[in-house]
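As structure tokens, the structure follows; a few thoughts come after it.
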Amino acid sequence: MTHKSRFSVFIASMFVSSSLLSACAASASPEPAVNLTPVPVQTDFATCVINLQQKAKVAGISQHIIDTTVANLKYVPRVIELDNQQPEFTTTFGDYFEKRVTTWRVEQGRKMLAKHHDLLTQLTHDYGVPGQYIVAFWGLETNFGSYKGSMPVLDSLATLACDPRRSDYFTGELLQALKLKQQYQFDDSKMVGSWAGAMGHTQFMPTNYRKYAVDGDGDGVADLWNSEADALTSAANFLQHLGWQADERWGREVLLPANYSFEYLGSKSTLPLSQWHALNIKKTNGQAISTPDMQAALYLPAGHTGPAFLGYANFNVIMRWNRSEFYAISVGHLADRINGAPALSRTVPKQPRLSRDIVKQLQIKLNDQGFDVGKADGILGRNSVLGLQGFQKKHGLIADGFPDAKTFDKLGIKP
């Protein structure tokens with residue numbers, strides 16, 4: 001996928017942040033009259049396509065591709081609908097995790113680990129990434145290639161490039177996709193993927209396809225749609241470039257002591273393993289954690305009633321693939337399961353989904369009481385979690401930064 005717009009809200013998108021910056025130039029002269037009649041989308045898109053043809057020419061795209069592909073790009077209304085879609089309710093960790101780390105994915109992942117044993121062993125040697133992680137990414141991205149998306153990538157990217165919200169980013173991705181087509185002579189109809197332009201077994205955006213795709217089967221083409229060898233090799237190459245630490249795991253599920261204060265929690269509270277050992281954090285079998293010279297952060301995706309995880313350096317690498325803590329935990333645990341590890345020792349609790357309006361109320365209440373969480377946007381991000389922790393500490397609640405029933409009651413909110 002890499003850098004796809006597949007963000008879940010609540011803690012799934014907890015640490016996903018996007019900012020769109022705009023600049024305005026002031027003028028001393030009176031503003032001209034503005035024509036408020038909306039321009040028909042198709043007319044506007046046609047004008048945009050003409051501009052895209054010029055940009056493609058400057059980018060080195062052949063005149064043949066400009067005439068036969070760029071000039072014939074089509075507007076896809078569904079892409080804009082999906083891009084603007086805001087979920088009414090947040091996603092809980094339980095909902096997210098149980099849909100992704102399934103018995104089927106574990107069993108299928110083990111089959112794929114065996115099927116590609118020789119290749120994955122070589123990739124571990126060459127790139128330092130153990131095979132179970134590569135297979136876990138593959139499983140979460142496309143169900144091991146069973147669903148790679150069916151949207152026309154070039155039309156989807158053109159539609160987004162001609163939409164003002166993120167025009168520059170998607171114009172760049174479109175140009176990279178056209179360069180892929182030019183480099184490998186891909187047919188337009190073959191280039192299908194997600195609505196946001198992610199492609200192939202590993203759902204690479206065009207820029208990452210161009211940078212990190214590898215011809216793993218030696219046929220002269222890095223084909224992420226049809227070659228599993230190319231896809232798996234490319235995933236290993238990408239992870240290595242993201243900073244994967246060889247001979248280190250992603251993290252692990254841990255047990256917290258009954259008296260844990262929750263002072264250290266989340267990505268901003270990274271500590272050496274020796275300090276987590278001193279805080280009496282243990283493995284799920286009750287044994288003390290080992291203390292190599294490594295840093296880790298503690299994550300409680302479902303609050304103190306759910307499982308706890310220490311995330312190491314490779315946890316952050318997974319987060320660079322997809323900026324979601326839910327995703328990183330799911331990839332890491334799925335990789336462990338594929339490699340033979342048992343299920344989580346602590347059951348993921350069933351928790352109600354919260355509407356965005358309820359989360360906004362929570363944020364407003366916290367701001368009103370002096371816990372600055374920023375704009376009330378209905379997304380429980382890092383600032384909101386820190387504000388919740390402060391509020392919980394002040395009122396003698398368990399300060400895990402999670403909005404449980406007792407916290408809502410103390411805030412005077414009925415979810």
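Residues in the structure tokens are numbered from 1 in each chain, the chains being A, B, ... in the order shown, and ligands are numbered from 1 in the order shown.
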
Would you kindly return, as a PDB file with all heavy atoms, in the first residue's frame, each protein, DNA or RNA residue with an atom no farther than 10 Å from any atom of Arg249 in chain A, considering only C-alpha atoms and excluding same-chain residues fewer than 3 positions away?
```pdb
ATOM      1  N   VAL A 129      15.295  -8.717   6.348  1.00  0.00           N
ATOM      2  CA  VAL A 129      13.894  -8.753   6.784  1.00  0.00           C
ATOM      3  C   VAL A 129      13.418 -10.207   6.806  1.00  0.00           C
ATOM      4  O   VAL A 129      13.347 -10.844   5.754  1.00  0.00           O
ATOM      5  CB  VAL A 129      12.997  -7.928   5.845  1.00  0.00           C
ATOM      6  CG1 VAL A 129      11.571  -7.874   6.397  1.00  0.00           C
ATOM      7  CG2 VAL A 129      13.553  -6.527   5.638  1.00  0.00           C
ATOM      8  N   PRO A 130      13.081 -10.759   7.951  1.00  0.00           N
ATOM      9  CA  PRO A 130      12.600 -12.143   8.012  1.00  0.00           C
ATOM     10  C   PRO A 130      11.328 -12.337   7.185  1.00  0.00           C
ATOM     11  O   PRO A 130      10.480 -11.447   7.082  1.00  0.00           O
ATOM     12  CB  PRO A 130      12.321 -12.358   9.505  1.00  0.00           C
ATOM     13  CG  PRO A 130      13.233 -11.392  10.190  1.00  0.00           C
ATOM     14  CD  PRO A 130      13.244 -10.183   9.305  1.00  0.00           C
ATOM     15  N   TYR A 133       7.573 -11.420   8.179  1.00  0.00           N
ATOM     16  CA  TYR A 133       7.124 -10.024   8.109  1.00  0.00           C
ATOM     17  C   TYR A 133       6.695  -9.667   6.692  1.00  0.00           C
ATOM     18  O   TYR A 133       5.670  -9.001   6.487  1.00  0.00           O
ATOM     19  CB  TYR A 133       8.236  -9.085   8.579  1.00  0.00           C
ATOM     20  CG  TYR A 133       8.516  -9.194  10.057  1.00  0.00           C
ATOM     21  CD1 TYR A 133       9.620  -9.912  10.523  1.00  0.00           C
ATOM     22  CD2 TYR A 133       7.680  -8.605  10.995  1.00  0.00           C
ATOM     23  CE1 TYR A 133       9.879 -10.032  11.882  1.00  0.00           C
ATOM     24  CE2 TYR A 133       7.933  -8.723  12.354  1.00  0.00           C
ATOM     25  CZ  TYR A 133       9.033  -9.435  12.794  1.00  0.00           C
ATOM     26  OH  TYR A 133       9.275  -9.557  14.136  1.00  0.00           O
ATOM     27  N   TRP A 244      14.620  -0.943   8.341  1.00  0.00           N
ATOM     28  CA  TRP A 244      14.423  -2.187   9.094  1.00  0.00           C
ATOM     29  C   TRP A 244      15.709  -2.632   9.766  1.00  0.00           C
ATOM     30  O   TRP A 244      16.769  -2.671   9.147  1.00  0.00           O
ATOM     31  CB  TRP A 244      13.923  -3.294   8.170  1.00  0.00           C
ATOM     32  CG  TRP A 244      13.475  -4.503   8.939  1.00  0.00           C
ATOM     33  CD1 TRP A 244      14.240  -5.567   9.304  1.00  0.00           C
ATOM     34  CD2 TRP A 244      12.162  -4.733   9.461  1.00  0.00           C
ATOM     35  NE1 TRP A 244      13.493  -6.464  10.019  1.00  0.00           N
ATOM     36  CE2 TRP A 244      12.205  -5.983  10.134  1.00  0.00           C
ATOM     37  CE3 TRP A 244      10.961  -4.035   9.425  1.00  0.00           C
ATOM     38  CZ2 TRP A 244      11.090  -6.542  10.756  1.00  0.00           C
ATOM     39  CZ3 TRP A 244       9.857  -4.582  10.047  1.00  0.00           C
ATOM     40  CH2 TRP A 244       9.922  -5.808  10.708  1.00  0.00           C
ATOM     41  N   GLN A 245      15.599  -2.958  11.044  1.00  0.00           N
ATOM     42  CA  GLN A 245      16.749  -3.412  11.820  1.00  0.00           C
ATOM     43  C   GLN A 245      16.820  -4.941  11.793  1.00  0.00           C
ATOM     44  O   GLN A 245      15.960  -5.632  12.340  1.00  0.00           O
ATOM     45  CB  GLN A 245      16.631  -2.938  13.271  1.00  0.00           C
ATOM     46  CG  GLN A 245      16.572  -1.432  13.420  1.00  0.00           C
ATOM     47  CD  GLN A 245      17.844  -0.755  12.949  1.00  0.00           C
ATOM     48  OE1 GLN A 245      18.935  -1.046  13.426  1.00  0.00           O
ATOM     49  NE2 GLN A 245      17.694   0.148  11.981  1.00  0.00           N
ATOM     50  N   ALA A 246      17.839  -5.449  11.109  1.00  0.00           N
ATOM     51  CA  ALA A 246      18.014  -6.895  11.018  1.00  0.00           C
ATOM     52  C   ALA A 246      18.251  -7.479  12.410  1.00  0.00           C
ATOM     53  O   ALA A 246      18.827  -6.827  13.288  1.00  0.00           O
ATOM     54  CB  ALA A 246      19.188  -7.221  10.099  1.00  0.00           C
ATOM     55  N   ARG A 252       6.570  -6.771  21.048  1.00  0.00           N
ATOM     56  CA  ARG A 252       5.967  -7.947  21.659  1.00  0.00           C
ATOM     57  C   ARG A 252       4.816  -7.541  22.575  1.00  0.00           C
ATOM     58  O   ARG A 252       4.761  -6.400  23.057  1.00  0.00           O
ATOM     59  CB  ARG A 252       6.998  -8.723  22.464  1.00  0.00           C
ATOM     60  CG  ARG A 252       7.482  -7.981  23.698  1.00  0.00           C
ATOM     61  CD  ARG A 252       8.576  -8.714  24.497  1.00  0.00           C
ATOM     62  NE  ARG A 252       8.654 -10.126  24.294  1.00  0.00           N
ATOM     63  CZ  ARG A 252       9.791 -10.768  23.968  1.00  0.00           C
ATOM     64  NH1 ARG A 252      10.904 -10.092  23.810  1.00  0.00           N
ATOM     65  NH2 ARG A 252       9.791 -12.073  23.819  1.00  0.00           N
ATOM     66  N   GLY A 311       6.703  -1.597  21.541  1.00  0.00           N
ATOM     67  CA  GLY A 311       7.105  -1.468  20.148  1.00  0.00           C
ATOM     68  C   GLY A 311       8.555  -1.043  20.062  1.00  0.00           C
ATOM     69  O   GLY A 311       8.959  -0.060  20.679  1.00  0.00           O
ATOM     70  N   TYR A 312       9.353  -1.783  19.279  1.00  0.00           N
ATOM     71  CA  TYR A 312      10.777  -1.497  19.128  1.00  0.00           C
ATOM     72  C   TYR A 312      11.004  -0.647  17.874  1.00  0.00           C
ATOM     73  O   TYR A 312      10.068  -0.111  17.292  1.00  0.00           O
ATOM     74  CB  TYR A 312      11.573  -2.801  19.058  1.00  0.00           C
ATOM     75  CG  TYR A 312      11.343  -3.748  20.213  1.00  0.00           C
ATOM     76  CD1 TYR A 312      11.484  -5.123  20.061  1.00  0.00           C
ATOM     77  CD2 TYR A 312      10.952  -3.276  21.480  1.00  0.00           C
ATOM     78  CE1 TYR A 312      11.272  -6.003  21.120  1.00  0.00           C
ATOM     79  CE2 TYR A 312      10.743  -4.140  22.541  1.00  0.00           C
ATOM     80  CZ  TYR A 312      10.893  -5.510  22.351  1.00  0.00           C
ATOM     81  OH  TYR A 312      10.674  -6.370  23.399  1.00  0.00           O
ATOM     82  N   ALA A 313      12.250  -0.548  17.446  1.00  0.00           N
ATOM     83  CA  ALA A 313      12.572   0.289  16.283  1.00  0.00           C
ATOM     84  C   ALA A 313      11.815  -0.161  15.039  1.00  0.00           C
ATOM     85  O   ALA A 313      11.356   0.669  14.244  1.00  0.00           O
ATOM     86  CB  ALA A 313      14.078   0.260  16.018  1.00  0.00           C
ATOM     87  N   ASN A 314      11.650  -1.466  14.860  1.00  0.00           N
ATOM     88  CA  ASN A 314      10.952  -1.954  13.663  1.00  0.00           C
ATOM     89  C   ASN A 314       9.454  -1.660  13.705  1.00  0.00           C
ATOM     90  O   ASN A 314       8.798  -1.647  12.664  1.00  0.00           O
ATOM     91  CB  ASN A 314      11.204  -3.453  13.479  1.00  0.00           C
ATOM     92  CG  ASN A 314      12.606  -3.727  12.968  1.00  0.00           C
ATOM     93  OD1 ASN A 314      13.198  -2.906  12.278  1.00  0.00           O
ATOM     94  ND2 ASN A 314      13.149  -4.889  13.305  1.00  0.00           N
ATOM     95  N   PHE A 315       8.905  -1.426  14.883  1.00  0.00           N
ATOM     96  CA  PHE A 315       7.523  -0.960  14.981  1.00  0.00           C
ATOM     97  C   PHE A 315       7.392   0.378  14.259  1.00  0.00           C
ATOM     98  O   PHE A 315       6.434   0.614  13.511  1.00  0.00           O
ATOM     99  CB  PHE A 315       7.136  -0.813  16.450  1.00  0.00           C
ATOM    100  CG  PHE A 315       5.701  -0.410  16.680  1.00  0.00           C
ATOM    101  CD1 PHE A 315       4.712  -1.372  16.836  1.00  0.00           C
ATOM    102  CD2 PHE A 315       5.334   0.930  16.754  1.00  0.00           C
ATOM    103  CE1 PHE A 315       3.381  -1.002  17.062  1.00  0.00           C
ATOM    104  CE2 PHE A 315       4.017   1.303  16.971  1.00  0.00           C
ATOM    105  CZ  PHE A 315       3.032   0.334  17.122  1.00  0.00           C
ATOM    106  N   GLY A 332       2.774  -6.851  13.046  1.00  0.00           N
ATOM    107  CA  GLY A 332       3.733  -7.514  13.918  1.00  0.00           C
ATOM    108  C   GLY A 332       3.195  -8.800  14.500  1.00  0.00           C
ATOM    109  O   GLY A 332       3.868  -9.840  14.483  1.00  0.00           O
ATOM    110  N   ALA A 335       2.723 -11.504  11.841  1.00  0.00           N
ATOM    111  CA  ALA A 335       4.020 -12.109  11.518  1.00  0.00           C
ATOM    112  C   ALA A 335       4.408 -13.134  12.573  1.00  0.00           C
ATOM    113  O   ALA A 335       4.886 -14.235  12.245  1.00  0.00           O
ATOM    114  CB  ALA A 335       5.087 -11.026  11.391  1.00  0.00           C
ATOM    115  N   ASP A 336       4.211 -12.806  13.833  1.00  0.00           N
ATOM    116  CA  ASP A 336       4.513 -13.759  14.912  1.00  0.00           C
ATOM    117  C   ASP A 336       3.682 -15.026  14.774  1.00  0.00           C
ATOM    118  O   ASP A 336       4.186 -16.144  14.922  1.00  0.00           O
ATOM    119  CB  ASP A 336       4.243 -13.115  16.280  1.00  0.00           C
ATOM    120  CG  ASP A 336       5.259 -12.048  16.653  1.00  0.00           C
ATOM    121  OD1 ASP A 336       6.316 -11.971  15.991  1.00  0.00           O
ATOM    122  OD2 ASP A 336       4.985 -11.289  17.596  1.00  0.00           O
TER     123      ASP A 336
END
```

Which residues of range 41-104 of chain A sit at most 7 Å from range 350-365 of chain A, using only C-alpha atoms? Give each one's shortest atom pair and distance in Å (one decimal place), in chain and ascending residue order, as a tab-separated table.
```
residue	atom	partner	partner_atom	distance
A:Glu88	CA	A:Ser355	CA	5.8
A:Phe89	CA	A:Ser355	CA	4.2
A:Thr90	CA	A:Leu354	CA	5.4
A:Thr91	CA	A:Arg353	CA	6.0
A:Thr92	CA	A:Arg353	CA	6.0
A:Gly94	CA	A:Lys350	CA	6.3
```

Print the selection's residues with N, CA, C and O atoms to a file, as a JSON list (two decimals), in the first residue's frame.
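Output saved as result-v7.json:
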```json
[["chain", "number", "residue", "atom", "x", "y", "z"],
["A", 88, "GLU", "N", -18.76, 8.03, 10.05],
["A", 88, "GLU", "CA", -19.57, 8.61, 11.13],
["A", 88, "GLU", "C", -19.08, 8.14, 12.49],
["A", 88, "GLU", "O", -19.14, 8.87, 13.47],
["A", 89, "PHE", "N", -18.59, 6.91, 12.53],
["A", 89, "PHE", "CA", -18.13, 6.33, 13.79],
["A", 89, "PHE", "C", -16.65, 6.00, 13.72],
["A", 89, "PHE", "O", -16.10, 5.75, 12.65],
["A", 90, "THR", "N", -16.03, 6.01, 14.89],
["A", 90, "THR", "CA", -14.63, 5.64, 14.98],
["A", 90, "THR", "C", -14.51, 4.11, 14.97],
["A", 90, "THR", "O", -15.47, 3.38, 15.18],
["A", 91, "THR", "N", -13.31, 3.64, 14.73],
["A", 91, "THR", "CA", -13.03, 2.20, 14.71],
["A", 91, "THR", "C", -12.29, 1.81, 15.97],
["A", 91, "THR", "O", -11.30, 2.43, 16.33],
["A", 92, "THR", "N", -12.77, 0.79, 16.64],
["A", 92, "THR", "CA", -12.08, 0.32, 17.84],
["A", 92, "THR", "C", -10.94, -0.61, 17.45],
["A", 92, "THR", "O", -10.93, -1.19, 16.35],
["A", 94, "GLY", "N", -10.43, -3.53, 18.67],
["A", 94, "GLY", "CA", -10.99, -4.86, 18.51],
["A", 94, "GLY", "C", -11.57, -5.08, 17.13],
["A", 94, "GLY", "O", -11.31, -6.11, 16.49]]
```

Taking 3 positions as the minimum chain separation for residues in the same chain, which residues sit within 12 Å of Tyr169 in chain A when counting only C-alpha atoms? Answer as a PyMOL selection string.
chain A and resi 3-4+20+157-158+160-166+172-176+196-197+205-207

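For the set A:Phe144, A:Tyr212, A:Tyr127, A:Tyr264, the residue with the smallest atom-to-atom gap to Ala236 in chain A is A:Tyr127, counting only C-alpha atoms.
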
For His395 in chain A, which of A:Arg382, A:Arg320, A:Lys410, A:Lys99 is the closest residue, counting only C-alpha atoms?
A:Lys410

Going by DSSP on the backbone, which residues of range 74-105 of chain A come out as alpha helix (DSSP H)? List them as a PyMOL selection string.
chain A and resi 77-84+93-100+103-105

Using the selection just defined, write its residues with N, CA and C atoms as a PDB file, in the first residue's frame.
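To be explicit, this is the file written out as again_0.pdb:
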```pdb
ATOM      1  N   PRO A  77     -16.000   9.851 -10.726  1.00  0.00           N
ATOM      2  CA  PRO A  77     -16.653  10.478  -9.570  1.00  0.00           C
ATOM      3  C   PRO A  77     -16.521   9.681  -8.284  1.00  0.00           C
ATOM      4  N   ARG A  78     -16.520   8.360  -8.387  1.00  0.00           N
ATOM      5  CA  ARG A  78     -16.442   7.520  -7.197  1.00  0.00           C
ATOM      6  C   ARG A  78     -15.151   7.757  -6.418  1.00  0.00           C
ATOM      7  N   VAL A  79     -14.084   8.102  -7.109  1.00  0.00           N
ATOM      8  CA  VAL A  79     -12.798   8.367  -6.451  1.00  0.00           C
ATOM      9  C   VAL A  79     -12.921   9.561  -5.508  1.00  0.00           C
ATOM     10  N   ILE A  80     -13.575  10.615  -5.963  1.00  0.00           N
ATOM     11  CA  ILE A  80     -13.751  11.800  -5.124  1.00  0.00           C
ATOM     12  C   ILE A  80     -14.677  11.486  -3.958  1.00  0.00           C
ATOM     13  N   GLU A  81     -15.693  10.688  -4.196  1.00  0.00           N
ATOM     14  CA  GLU A  81     -16.587  10.286  -3.101  1.00  0.00           C
ATOM     15  C   GLU A  81     -15.804   9.567  -2.007  1.00  0.00           C
ATOM     16  N   LEU A  82     -14.947   8.639  -2.412  1.00  0.00           N
ATOM     17  CA  LEU A  82     -14.170   7.878  -1.436  1.00  0.00           C
ATOM     18  C   LEU A  82     -13.144   8.757  -0.739  1.00  0.00           C
ATOM     19  N   ASP A  83     -12.547   9.687  -1.481  1.00  0.00           N
ATOM     20  CA  ASP A  83     -11.538  10.563  -0.898  1.00  0.00           C
ATOM     21  C   ASP A  83     -12.141  11.490   0.154  1.00  0.00           C
ATOM     22  N   ASN A  84     -13.380  11.889  -0.069  1.00  0.00           N
ATOM     23  CA  ASN A  84     -14.031  12.824   0.856  1.00  0.00           C
ATOM     24  C   ASN A  84     -14.816  12.126   1.955  1.00  0.00           C
ATOM     25  N   PHE A  93     -10.001  -0.793  18.374  1.00  0.00           N
ATOM     26  CA  PHE A  93      -8.908  -1.721  18.109  1.00  0.00           C
ATOM     27  C   PHE A  93      -9.442  -3.138  17.890  1.00  0.00           C
ATOM     28  N   GLY A  94     -10.427  -3.527  18.671  1.00  0.00           N
ATOM     29  CA  GLY A  94     -10.995  -4.858  18.512  1.00  0.00           C
ATOM     30  C   GLY A  94     -11.570  -5.079  17.125  1.00  0.00           C
ATOM     31  N   ASP A  95     -12.344  -4.094  16.626  1.00  0.00           N
ATOM     32  CA  ASP A  95     -12.908  -4.201  15.278  1.00  0.00           C
ATOM     33  C   ASP A  95     -11.795  -4.330  14.245  1.00  0.00           C
ATOM     34  N   TYR A  96     -10.805  -3.484  14.366  1.00  0.00           N
ATOM     35  CA  TYR A  96      -9.713  -3.439  13.391  1.00  0.00           C
ATOM     36  C   TYR A  96      -8.898  -4.728  13.417  1.00  0.00           C
ATOM     37  N   PHE A  97      -8.460  -5.107  14.597  1.00  0.00           N
ATOM     38  CA  PHE A  97      -7.546  -6.227  14.761  1.00  0.00           C
ATOM     39  C   PHE A  97      -8.206  -7.549  14.362  1.00  0.00           C
ATOM     40  N   GLU A  98      -9.431  -7.758  14.803  1.00  0.00           N
ATOM     41  CA  GLU A  98     -10.077  -9.047  14.552  1.00  0.00           C
ATOM     42  C   GLU A  98     -10.436  -9.247  13.088  1.00  0.00           C
ATOM     43  N   LYS A  99     -10.559  -8.175  12.334  1.00  0.00           N
ATOM     44  CA  LYS A  99     -10.818  -8.297  10.902  1.00  0.00           C
ATOM     45  C   LYS A  99      -9.537  -8.559  10.113  1.00  0.00           C
ATOM     46  N   ARG A 100      -8.399  -8.316  10.728  1.00  0.00           N
ATOM     47  CA  ARG A 100      -7.132  -8.435  10.011  1.00  0.00           C
ATOM     48  C   ARG A 100      -6.283  -9.625  10.454  1.00  0.00           C
ATOM     49  N   THR A 103      -7.861 -16.286  11.607  1.00  0.00           N
ATOM     50  CA  THR A 103      -7.347 -17.654  11.484  1.00  0.00           C
ATOM     51  C   THR A 103      -6.977 -17.960  10.038  1.00  0.00           C
ATOM     52  N   TRP A 104      -7.819 -17.513   9.100  1.00  0.00           N
ATOM     53  CA  TRP A 104      -7.530 -17.746   7.685  1.00  0.00           C
ATOM     54  C   TRP A 104      -6.206 -17.102   7.277  1.00  0.00           C
ATOM     55  N   ARG A 105      -5.980 -15.856   7.711  1.00  0.00           N
ATOM     56  CA  ARG A 105      -4.739 -15.180   7.323  1.00  0.00           C
ATOM     57  C   ARG A 105      -3.519 -15.860   7.944  1.00  0.00           C
TER      58      ARG A 105
END
```

Run DSSP on the backbone of this structure and report the residues of range 201-274 of chain A it assigns to strand (DSSP E or B), as a ChimeraX atom specification.
/A:204,251-255,271-272

Excluding same-chain residues fewer than 5 positions from range 43-51 of chain A, what lies within 8 Å of it counting only C-alpha atoms, as a VMD selection string?
chain A and resid 70 to 71 73 75 158 to 159 162

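Nearest to Phe326 in chain A of all the residues A:Gln275, A:Thr68, A:Val101, A:Arg110 is A:Val101, based on only C-alpha atoms.
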
Applying 6 Å and only C-alpha atoms, which residues near Asp230 in chain A remain after dropping the ones on its own chain fewer than 3 positions away? List them as a ChimeraX atom specification.
/A:214-216,222,224,227,233-234

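In terms of minimum interatomic distance to Tyr260 in chain A, A:Leu298 ranks closest within A:Leu242, A:Leu123, A:Ala405, A:Leu298, counting only C-alpha atoms.
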
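Nearest residue to Arg346 in chain A among A:Arg210, A:Arg323, A:His117, A:His304 is A:His304, counting only C-alpha atoms.
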
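With only C-alpha atoms as the atoms that count, the residue of A:Ala136, A:Val106, A:Ser267, A:Thr69 with the shortest distance to Asp155 in chain A is A:Thr69.
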
Find the residues around Leu256 in chain A up to 8 Å (only C-alpha atoms counted), leave out those fewer than 4 positions away in its own chain, and share them as an mmCIF file with all heavy atoms, in the first residue's frame.
```cif
data_model
loop_
_atom_site.group_PDB
_atom_site.id
_atom_site.type_symbol
_atom_site.label_atom_id
_atom_site.label_comp_id
_atom_site.auth_asym_id
_atom_site.auth_seq_id
_atom_site.Cartn_x
_atom_site.Cartn_y
_atom_site.Cartn_z
ATOM 1 N N TYR A 260 1.132 -0.222 37.810
ATOM 2 C CA TYR A 260 1.729 0.633 36.782
ATOM 3 C C TYR A 260 1.042 2.002 36.768
ATOM 4 O O TYR A 260 -0.186 2.092 36.805
ATOM 5 C CB TYR A 260 1.634 -0.022 35.401
ATOM 6 C CG TYR A 260 2.414 0.746 34.352
ATOM 7 C CD1 TYR A 260 3.796 0.807 34.402
ATOM 8 C CD2 TYR A 260 1.757 1.440 33.340
ATOM 9 C CE1 TYR A 260 4.513 1.531 33.469
ATOM 10 C CE2 TYR A 260 2.461 2.163 32.396
ATOM 11 C CZ TYR A 260 3.850 2.205 32.464
ATOM 12 O OH TYR A 260 4.575 2.940 31.535
ATOM 13 N N ASN A 280 9.169 -3.274 35.866
ATOM 14 C CA ASN A 280 8.510 -4.569 36.084
ATOM 15 C C ASN A 280 7.568 -4.972 34.949
ATOM 16 O O ASN A 280 6.584 -5.683 35.162
ATOM 17 C CB ASN A 280 7.760 -4.585 37.416
ATOM 18 C CG ASN A 280 7.577 -5.992 37.961
ATOM 19 O OD1 ASN A 280 8.393 -6.886 37.676
ATOM 20 N ND2 ASN A 280 6.544 -6.207 38.736
ATOM 21 N N ILE A 281 7.882 -4.490 33.726
ATOM 22 C CA ILE A 281 7.157 -4.953 32.554
ATOM 23 C C ILE A 281 7.661 -6.357 32.225
ATOM 24 O O ILE A 281 8.868 -6.589 32.152
ATOM 25 C CB ILE A 281 7.393 -4.021 31.353
ATOM 26 C CG1 ILE A 281 7.029 -2.578 31.715
ATOM 27 C CG2 ILE A 281 6.614 -4.499 30.139
ATOM 28 C CD1 ILE A 281 5.592 -2.370 32.079
ATOM 29 N N LYS A 282 6.748 -7.307 32.016
ATOM 30 C CA LYS A 282 7.156 -8.698 31.815
ATOM 31 C C LYS A 282 6.633 -9.261 30.497
ATOM 32 O O LYS A 282 5.706 -8.716 29.886
ATOM 33 C CB LYS A 282 6.648 -9.561 32.968
ATOM 34 C CG LYS A 282 7.265 -9.217 34.327
ATOM 35 C CD LYS A 282 6.821 -10.190 35.398
ATOM 36 C CE LYS A 282 7.418 -9.846 36.764
ATOM 37 N NZ LYS A 282 8.899 -9.927 36.744
ATOM 38 N N ALA A 308 -1.335 -5.155 26.100
ATOM 39 C CA ALA A 308 -0.301 -4.119 26.087
ATOM 40 C C ALA A 308 0.848 -4.590 25.194
ATOM 41 O O ALA A 308 1.127 -5.788 25.106
ATOM 42 C CB ALA A 308 0.202 -3.859 27.506
#
```
